[in-house]
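To be precise, the following lines are coords30.tsv, and they hold TSV, C-alpha atoms.
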chain	number	residue	atom	x	y	z
O	1	ASP	CA	20.54	-29.06	-125.87
O	2	THR	CA	22.92	-26.18	-125.16
O	3	GLU	CA	20.91	-24.64	-122.37
O	4	VAL	CA	21.45	-24.03	-118.70
O	5	THR	CA	18.19	-23.58	-116.82
O	6	GLN	CA	17.69	-21.90	-113.47
O	7	THR	CA	14.73	-21.77	-111.10
O	8	PRO	CA	13.14	-19.69	-109.82
O	9	LYS	CA	13.49	-16.63	-112.07
O	10	HIS	CA	12.72	-14.30	-109.20
O	11	LEU	CA	12.86	-14.85	-105.45
O	12	VAL	CA	11.97	-12.56	-102.58
O	13	MET	CA	12.92	-13.72	-99.11
O	14	GLY	CA	13.21	-12.41	-95.60
O	15	MET	CA	16.42	-12.49	-93.60
O	16	THR	CA	15.22	-15.45	-91.53
O	17	ASN	CA	14.05	-17.56	-94.47
O	18	LYS	CA	15.72	-20.62	-95.95
O	19	LYS	CA	15.47	-21.00	-99.71
O	20	SER	CA	17.30	-22.77	-102.52
O	21	LEU	CA	18.27	-21.84	-106.05
O	22	LYS	CA	18.42	-24.59	-108.64
O	23	CYS	CA	20.45	-25.00	-111.81
O	24	GLU	CA	20.34	-27.77	-114.40
O	25	GLN	CA	22.26	-28.62	-117.57
O	26	HIS	CA	22.07	-31.59	-119.91
O	27	MET	CA	25.16	-30.95	-122.00
O	28	GLY	CA	27.24	-33.56	-120.19
O	29	HIS	CA	29.38	-30.82	-118.67
O	30	ARG	CA	31.40	-31.82	-115.63
O	31	ALA	CA	32.14	-28.34	-114.28
O	32	MET	CA	29.46	-26.06	-112.83
O	33	TYR	CA	29.70	-22.59	-111.35
O	34	TRP	CA	27.81	-20.07	-109.24
O	35	TYR	CA	28.30	-16.34	-109.86
O	36	LYS	CA	26.82	-13.31	-108.15
O	37	GLN	CA	26.13	-10.15	-110.15
O	38	LYS	CA	25.12	-6.81	-108.65
O	39	ALA	CA	23.55	-4.11	-110.81
O	40	LYS	CA	25.96	-2.55	-113.32
O	41	LYS	CA	28.78	-4.78	-112.09
O	42	PRO	CA	30.41	-7.83	-113.70
O	43	PRO	CA	29.68	-11.37	-112.49
O	44	GLU	CA	31.78	-12.45	-109.52
O	45	LEU	CA	32.70	-16.10	-109.07
O	46	MET	CA	31.39	-17.76	-105.91
O	47	PHE	CA	31.84	-21.52	-106.27
O	48	VAL	CA	33.12	-24.04	-108.78
O	49	TYR	CA	32.27	-27.75	-108.87
O	50	SER	CA	34.24	-30.29	-110.84
O	51	TYR	CA	32.91	-33.83	-111.16
O	52	GLU	CA	30.44	-33.09	-108.39
O	53	LYS	CA	33.17	-32.04	-105.96
O	54	LEU	CA	33.69	-28.49	-104.72
O	55	SER	CA	36.82	-27.20	-106.41
O	56	ILE	CA	36.80	-23.49	-105.66
O	57	ASN	CA	35.14	-21.46	-102.89
O	58	GLU	CA	35.90	-17.78	-103.31
O	59	SER	CA	35.68	-17.06	-99.58
O	60	VAL	CA	31.90	-16.92	-99.74
O	61	PRO	CA	30.06	-16.47	-96.39
O	62	SER	CA	28.61	-19.66	-94.95
O	63	ARG	CA	25.06	-18.36	-95.32
O	64	PHE	CA	25.51	-19.52	-98.94
O	65	SER	CA	25.82	-23.29	-99.17
O	66	PRO	CA	26.34	-24.99	-102.54
O	67	GLU	CA	25.42	-28.55	-103.35
O	68	CYS	CA	25.96	-30.70	-106.42
O	69	PRO	CA	23.67	-33.77	-106.12
O	70	ASN	CA	24.67	-35.14	-109.53
O	71	SER	CA	26.48	-34.11	-112.69
O	72	SER	CA	23.46	-32.26	-114.10
O	73	LEU	CA	22.27	-30.37	-111.04
O	74	LEU	CA	23.67	-27.58	-108.91
O	75	ASN	CA	21.91	-26.02	-105.95
O	76	LEU	CA	22.63	-22.97	-103.86
O	77	HIS	CA	21.07	-23.08	-100.39
O	78	LEU	CA	20.40	-19.72	-98.78
O	79	HIS	CA	19.95	-19.06	-95.07
O	80	ALA	CA	19.98	-15.91	-92.95
O	81	LEU	CA	20.82	-13.66	-95.87
O	82	GLN	CA	21.33	-9.93	-95.63
O	83	PRO	CA	19.75	-7.22	-97.81
O	84	GLU	CA	23.16	-6.63	-99.44
O	85	ASP	CA	22.98	-10.18	-100.80
O	86	SER	CA	20.26	-9.04	-103.18
O	87	ALA	CA	21.64	-9.65	-106.67
O	88	LEU	CA	21.34	-11.73	-109.82
O	89	TYR	CA	22.68	-15.23	-109.19
O	90	LEU	CA	24.02	-16.88	-112.30
O	91	CYS	CA	24.79	-20.53	-112.84
O	92	ALA	CA	27.19	-21.65	-115.56
O	93	SER	CA	28.64	-24.90	-116.83
O	94	SER	CA	31.59	-25.92	-118.94
O	95	GLN	CA	32.92	-29.13	-120.40
O	96	GLU	CA	35.59	-29.59	-117.76
O	97	LEU	CA	38.06	-27.83	-115.54
O	98	THR	CA	41.61	-27.86	-116.77
O	99	VAL	CA	44.79	-26.10	-115.80
O	100	ARG	CA	45.59	-24.55	-119.14
O	101	THR	CA	42.90	-25.14	-121.77
O	102	PRO	CA	39.94	-22.86	-121.28
O	103	PHE	CA	36.47	-24.18	-121.97
O	104	GLU	CA	33.59	-21.88	-122.80
O	105	GLN	CA	31.21	-21.34	-119.93
O	106	PHE	CA	27.52	-21.45	-120.74
O	107	PHE	CA	25.41	-19.27	-118.49
O	108	GLY	CA	21.85	-19.71	-117.33
O	109	PRO	CA	19.39	-16.77	-117.28
O	110	GLY	CA	19.89	-16.24	-113.55
O	111	THR	CA	17.71	-15.91	-110.46
O	112	ARG	CA	17.02	-12.36	-109.36
O	113	LEU	CA	17.09	-12.46	-105.56
O	114	THR	CA	15.72	-9.76	-103.29
O	115	VAL	CA	16.36	-10.00	-99.55
O	116	LEU	CA	14.05	-7.90	-97.40
V	1	GLY	CA	45.97	-11.01	-108.49
V	2	GLN	CA	44.08	-9.36	-111.32
V	3	ASN	CA	43.81	-5.84	-112.65
V	4	ILE	CA	41.51	-5.49	-115.67
V	5	ASP	CA	40.79	-2.22	-117.42
V	6	GLN	CA	38.27	-1.52	-120.18
V	7	PRO	CA	36.37	1.65	-121.14
V	8	THR	CA	33.08	2.14	-119.31
V	9	GLU	CA	31.03	3.30	-122.27
V	10	MET	CA	31.28	3.60	-126.04
V	11	THR	CA	28.89	4.85	-128.70
V	12	ALA	CA	29.00	3.88	-132.36
V	13	THR	CA	26.84	4.16	-135.46
V	14	GLU	CA	24.90	1.34	-137.07
V	15	GLY	CA	26.94	-0.23	-139.87
V	16	ALA	CA	30.24	1.04	-138.49
V	17	ILE	CA	33.17	-0.80	-136.88
V	18	VAL	CA	34.03	-0.47	-133.20
V	19	GLN	CA	37.04	-1.68	-131.23
V	20	ILE	CA	36.74	-2.34	-127.49
V	21	ASN	CA	40.07	-2.49	-125.71
V	22	CYS	CA	41.01	-4.41	-122.58
V	23	THR	CA	44.26	-4.33	-120.65
V	24	TYR	CA	45.01	-6.75	-117.88
V	25	GLN	CA	47.61	-7.71	-115.32
V	26	THR	CA	46.88	-11.30	-114.44
V	27	SER	CA	49.06	-13.75	-112.54
V	28	GLY	CA	49.23	-17.15	-114.19
V	29	PHE	CA	47.55	-15.87	-117.35
V	30	ASN	CA	46.40	-18.61	-119.75
V	31	GLY	CA	44.00	-16.85	-122.09
V	32	LEU	CA	41.21	-14.33	-122.41
V	33	PHE	CA	37.48	-14.56	-123.07
V	34	TRP	CA	35.03	-12.00	-124.39
V	35	TYR	CA	31.37	-12.21	-123.38
V	36	GLN	CA	28.35	-10.14	-124.40
V	37	GLN	CA	25.62	-9.35	-121.90
V	38	HIS	CA	22.34	-7.65	-122.71
V	39	ALA	CA	20.63	-5.89	-119.83
V	40	GLY	CA	18.86	-8.35	-117.55
V	41	GLU	CA	20.16	-11.37	-119.45
V	42	ALA	CA	22.93	-13.93	-118.99
V	43	PRO	CA	26.38	-13.40	-120.50
V	44	THR	CA	26.92	-15.17	-123.82
V	45	PHE	CA	30.27	-16.32	-125.13
V	46	LEU	CA	31.77	-14.42	-128.07
V	47	SER	CA	35.37	-15.57	-128.41
V	48	TYR	CA	38.55	-16.47	-126.65
V	49	ASN	CA	42.27	-16.15	-127.34
V	50	VAL	CA	45.05	-18.27	-125.93
V	51	LEU	CA	47.85	-17.41	-128.33
V	52	ASP	CA	48.88	-14.01	-129.68
V	53	GLY	CA	47.03	-12.87	-132.75
V	54	LEU	CA	43.61	-12.39	-134.22
V	55	GLU	CA	40.68	-14.79	-133.95
V	56	GLU	CA	37.81	-14.11	-136.34
V	57	LYS	CA	34.23	-15.30	-135.88
V	58	GLY	CA	31.86	-13.71	-138.35
V	59	ARG	CA	31.28	-10.05	-137.45
V	60	PHE	CA	33.32	-10.43	-134.27
V	61	SER	CA	37.10	-10.66	-134.00
V	62	SER	CA	39.33	-10.70	-130.95
V	63	PHE	CA	43.02	-9.94	-130.70
V	64	LEU	CA	45.51	-10.80	-127.99
V	65	SER	CA	49.04	-9.65	-127.18
V	66	ARG	CA	50.28	-11.61	-124.18
V	67	SER	CA	53.51	-9.62	-123.87
V	68	LYS	CA	51.59	-6.34	-123.69
V	69	GLY	CA	48.73	-7.60	-121.52
V	70	TYR	CA	46.31	-6.30	-124.13
V	71	SER	CA	43.27	-7.54	-126.00
V	72	TYR	CA	40.60	-6.00	-128.15
V	73	LEU	CA	37.22	-7.03	-129.48
V	74	LEU	CA	36.37	-5.79	-132.96
V	75	LEU	CA	32.74	-5.61	-134.02
V	76	LYS	CA	32.01	-5.01	-137.70
V	77	GLU	CA	28.81	-3.99	-139.50
V	78	LEU	CA	27.27	-2.89	-136.24
V	79	GLN	CA	23.60	-3.60	-135.67
V	80	MET	CA	21.22	-2.11	-133.13
V	81	LYS	CA	21.06	-5.48	-131.37
V	82	ASP	CA	24.78	-5.18	-130.63
V	83	SER	CA	23.95	-2.60	-127.96
V	84	ALA	CA	25.04	-4.46	-124.85
V	85	SER	CA	27.79	-4.74	-122.26
V	86	TYR	CA	31.00	-6.43	-123.43
V	87	LEU	CA	32.98	-8.20	-120.75
V	88	CYS	CA	36.68	-8.95	-120.97
V	89	ALA	CA	37.60	-11.99	-118.84
V	90	PRO	CA	41.17	-13.20	-118.42
V	91	PHE	CA	41.56	-16.86	-117.62
V	92	ALA	CA	44.18	-17.71	-115.05
V	93	GLY	CA	45.60	-20.76	-113.40
V	94	GLY	CA	43.60	-23.89	-112.82
V	95	GLY	CA	39.90	-24.31	-112.35
V	96	ASN	CA	38.74	-22.48	-115.46
V	97	LYS	CA	38.60	-19.42	-113.26
V	98	LEU	CA	37.38	-16.33	-115.07
V	99	THR	CA	37.62	-12.85	-113.63
V	100	PHE	CA	35.43	-10.41	-115.48
V	101	GLY	CA	36.33	-6.81	-116.16
V	102	THR	CA	33.76	-4.15	-115.34
V	103	GLY	CA	32.43	-4.29	-118.89
V	104	THR	CA	32.09	-1.77	-121.69
V	105	GLN	CA	28.55	-0.58	-122.33
V	106	LEU	CA	28.20	-0.19	-126.10
V	107	LYS	CA	25.40	1.91	-127.52
V	108	VAL	CA	24.69	1.59	-131.23
V	109	GLU	CA	22.85	4.54	-132.74
V	110	LEU	CA	21.19	5.14	-136.08

Please lay out the structure from this file as structure tokens.
Amino acid sequence: DTEVTQTPKHLVMGMTNKKSLKCEQHMGHRAMYWYKQKAKKPPELMFVYSYEKLSINESVPSRFSPECPNSSLLNLHLHALQPEDSALYLCASSQELTVRTPFEQFFGPGTRLTVL
Amino acid sequence: GQNIDQPTEMTATEGAIVQINCTYQTSGFNGLFWYQQHAGEAPTFLSYNVLDGLEEKGRFSSFLSRSKGYSYLLLKELQMKDSASYLCAPFAGGGNKLTFGTGTQLKVEL
């Protein structure tokens, strides 16, 4: 199984709503990532988890709250979002995090989020 | 910091060869990835280079010159399905941290 799955595929929410995005992988990967991608732009890294601990937070606003309940699951909790947060949210995983040896990141299909 | 430059758009003919260039200025550079992304889909891994030289994977090859801060992706025997965005992503420092370039939108025509 070389797949990263994400739910939901599409999400529409109001600025006062609370919602969560979910990501799952069963490749035994110990590093998981959240990216944000706006239209016609490249993915931008938001968070990185390594062995279920937050390793990198790219100065993301606190209205985005990541959670890694176990080695296969990654959540992104959303609260009080703004319309400019509308984007494709991509989850990825890789074998591990290392200082020098890069590991391929496998991406999920993404959740297309619209904030009204 | 990072400064990544790749052409915005390219057009090529089915069956031809196309080279997509990427230049970068990356602190703590450790290697470079190339990803393909079709519209509305997730990026998929194509290749990566850590050392100088050419890496070949079927119809796709990638080249790296660390001293020049330069890489290219070579696509041979182009097919219509190769029409996509190609993202150059230097890898720097710890944390498997990729920073993607703006991508090159390749259009393959008959």

Pick out the chain O residues within 12 Å of chain V. Count only C-alpha atoms. Give them as a PyMOL selection string. chain O and resi 2-6+9-10+30-51+54-58+87-112

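The coordinates place atom CA of V:Ile17 at 20.6 Å from atom CA of V:Ser65.
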
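The shortest atom-to-atom distance to O:Glu67, with only C-alpha atoms taken into account, belongs to O:Leu21 out of O:Met15, O:Met27, O:Leu21, O:Leu116.
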
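The gap separating atom CA of O:Cys23 from atom CA of O:Pro83 is 22.6 Å, in Å to one decimal.
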
Near V:Asn21, counting all atoms listed in the file, which residues have an atom at most 8 Å away, once you skip same-chain residues fewer than 5 positions from it, shown as a VMD selection string? chain V and resid 6 to 7 70 to 73

Would you be able to write out as a ChimeraX atom specification which residues have an atom within 6 Å of (45.7, -9.2, -119.2) in the file's coordinates, counting all atoms listed in the file? /V:23-26,69-70

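Distance-wise, atom CA of V:Leu51 and atom CA of V:Gln19 end up 19.3 Å apart.
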
Fix up stretch 71-88 of chain O with N, CA, C and O atoms, then write it as an mmCIF file, keeping the file's coordinate frame.
data_model
loop_
_atom_site.group_PDB
_atom_site.id
_atom_site.type_symbol
_atom_site.label_atom_id
_atom_site.label_comp_id
_atom_site.auth_asym_id
_atom_site.auth_seq_id
_atom_site.Cartn_x
_atom_site.Cartn_y
_atom_site.Cartn_z
ATOM 1 N N SER O 71 25.722 -34.866 -111.685
ATOM 2 C CA SER O 71 26.480 -34.110 -112.690
ATOM 3 C C SER O 71 25.643 -33.104 -113.451
ATOM 4 O O SER O 71 26.195 -32.240 -114.127
ATOM 5 N N SER O 72 24.316 -33.187 -113.354
ATOM 6 C CA SER O 72 23.460 -32.260 -114.100
ATOM 7 C C SER O 72 22.887 -31.146 -113.242
ATOM 8 O O SER O 72 22.350 -30.184 -113.780
ATOM 9 N N LEU O 73 22.968 -31.285 -111.942
ATOM 10 C CA LEU O 73 22.270 -30.370 -111.040
ATOM 11 C C LEU O 73 23.234 -29.642 -110.123
ATOM 12 O O LEU O 73 24.232 -30.220 -109.647
ATOM 13 N N LEU O 74 22.900 -28.390 -109.865
ATOM 14 C CA LEU O 74 23.670 -27.580 -108.910
ATOM 15 C C LEU O 74 22.677 -26.751 -108.128
ATOM 16 O O LEU O 74 21.800 -26.111 -108.709
ATOM 17 N N ASN O 75 22.789 -26.797 -106.812
ATOM 18 C CA ASN O 75 21.910 -26.020 -105.950
ATOM 19 C C ASN O 75 22.710 -24.987 -105.177
ATOM 20 O O ASN O 75 23.912 -25.164 -104.935
ATOM 21 N N LEU O 76 22.025 -23.934 -104.772
ATOM 22 C CA LEU O 76 22.630 -22.970 -103.860
ATOM 23 C C LEU O 76 21.615 -22.735 -102.743
ATOM 24 O O LEU O 76 20.543 -22.169 -102.974
ATOM 25 N N HIS O 77 21.965 -23.201 -101.538
ATOM 26 C CA HIS O 77 21.070 -23.080 -100.390
ATOM 27 C C HIS O 77 21.373 -21.763 -99.679
ATOM 28 O O HIS O 77 22.543 -21.419 -99.440
ATOM 29 N N LEU O 78 20.296 -21.062 -99.347
ATOM 30 C CA LEU O 78 20.400 -19.720 -98.780
ATOM 31 C C LEU O 78 19.778 -19.694 -97.394
ATOM 32 O O LEU O 78 18.656 -20.194 -97.212
ATOM 33 N N HIS O 79 20.482 -19.120 -96.426
ATOM 34 C CA HIS O 79 19.950 -19.060 -95.070
ATOM 35 C C HIS O 79 20.491 -17.834 -94.365
ATOM 36 O O HIS O 79 21.688 -17.574 -94.411
ATOM 37 N N ALA O 80 19.599 -17.093 -93.734
ATOM 38 C CA ALA O 80 19.980 -15.910 -92.950
ATOM 39 C C ALA O 80 20.720 -14.891 -93.801
ATOM 40 O O ALA O 80 21.777 -14.365 -93.405
ATOM 41 N N LEU O 81 20.170 -14.625 -94.980
ATOM 42 C CA LEU O 81 20.820 -13.660 -95.870
ATOM 43 C C LEU O 81 20.589 -12.228 -95.401
ATOM 44 O O LEU O 81 19.693 -11.955 -94.593
ATOM 45 N N GLN O 82 21.402 -11.339 -95.931
ATOM 46 C CA GLN O 82 21.330 -9.930 -95.630
ATOM 47 C C GLN O 82 20.800 -9.168 -96.851
ATOM 48 O O GLN O 82 20.940 -9.638 -97.981
ATOM 49 N N PRO O 83 20.233 -7.991 -96.656
ATOM 50 C CA PRO O 83 19.750 -7.220 -97.810
ATOM 51 C C PRO O 83 20.832 -6.980 -98.870
ATOM 52 O O PRO O 83 20.525 -6.945 -100.065
ATOM 53 N N GLU O 84 22.090 -6.862 -98.463
ATOM 54 C CA GLU O 84 23.160 -6.630 -99.440
ATOM 55 C C GLU O 84 23.453 -7.853 -100.305
ATOM 56 O O GLU O 84 24.229 -7.763 -101.272
ATOM 57 N N ASP O 85 22.834 -8.994 -99.960
ATOM 58 C CA ASP O 85 22.980 -10.180 -100.800
ATOM 59 C C ASP O 85 22.018 -10.163 -101.984
ATOM 60 O O ASP O 85 22.070 -11.051 -102.846
ATOM 61 N N SER O 86 21.163 -9.179 -102.033
ATOM 62 C CA SER O 86 20.260 -9.040 -103.180
ATOM 63 C C SER O 86 21.081 -8.836 -104.443
ATOM 64 O O SER O 86 21.950 -7.954 -104.509
ATOM 65 N N ALA O 87 20.825 -9.667 -105.444
ATOM 66 C CA ALA O 87 21.640 -9.650 -106.670
ATOM 67 C C ALA O 87 21.042 -10.637 -107.662
ATOM 68 O O ALA O 87 20.075 -11.342 -107.367
ATOM 69 N N LEU O 88 21.642 -10.692 -108.834
ATOM 70 C CA LEU O 88 21.340 -11.730 -109.820
ATOM 71 C C LEU O 88 22.341 -12.868 -109.608
ATOM 72 O O LEU O 88 23.549 -12.635 -109.594
#
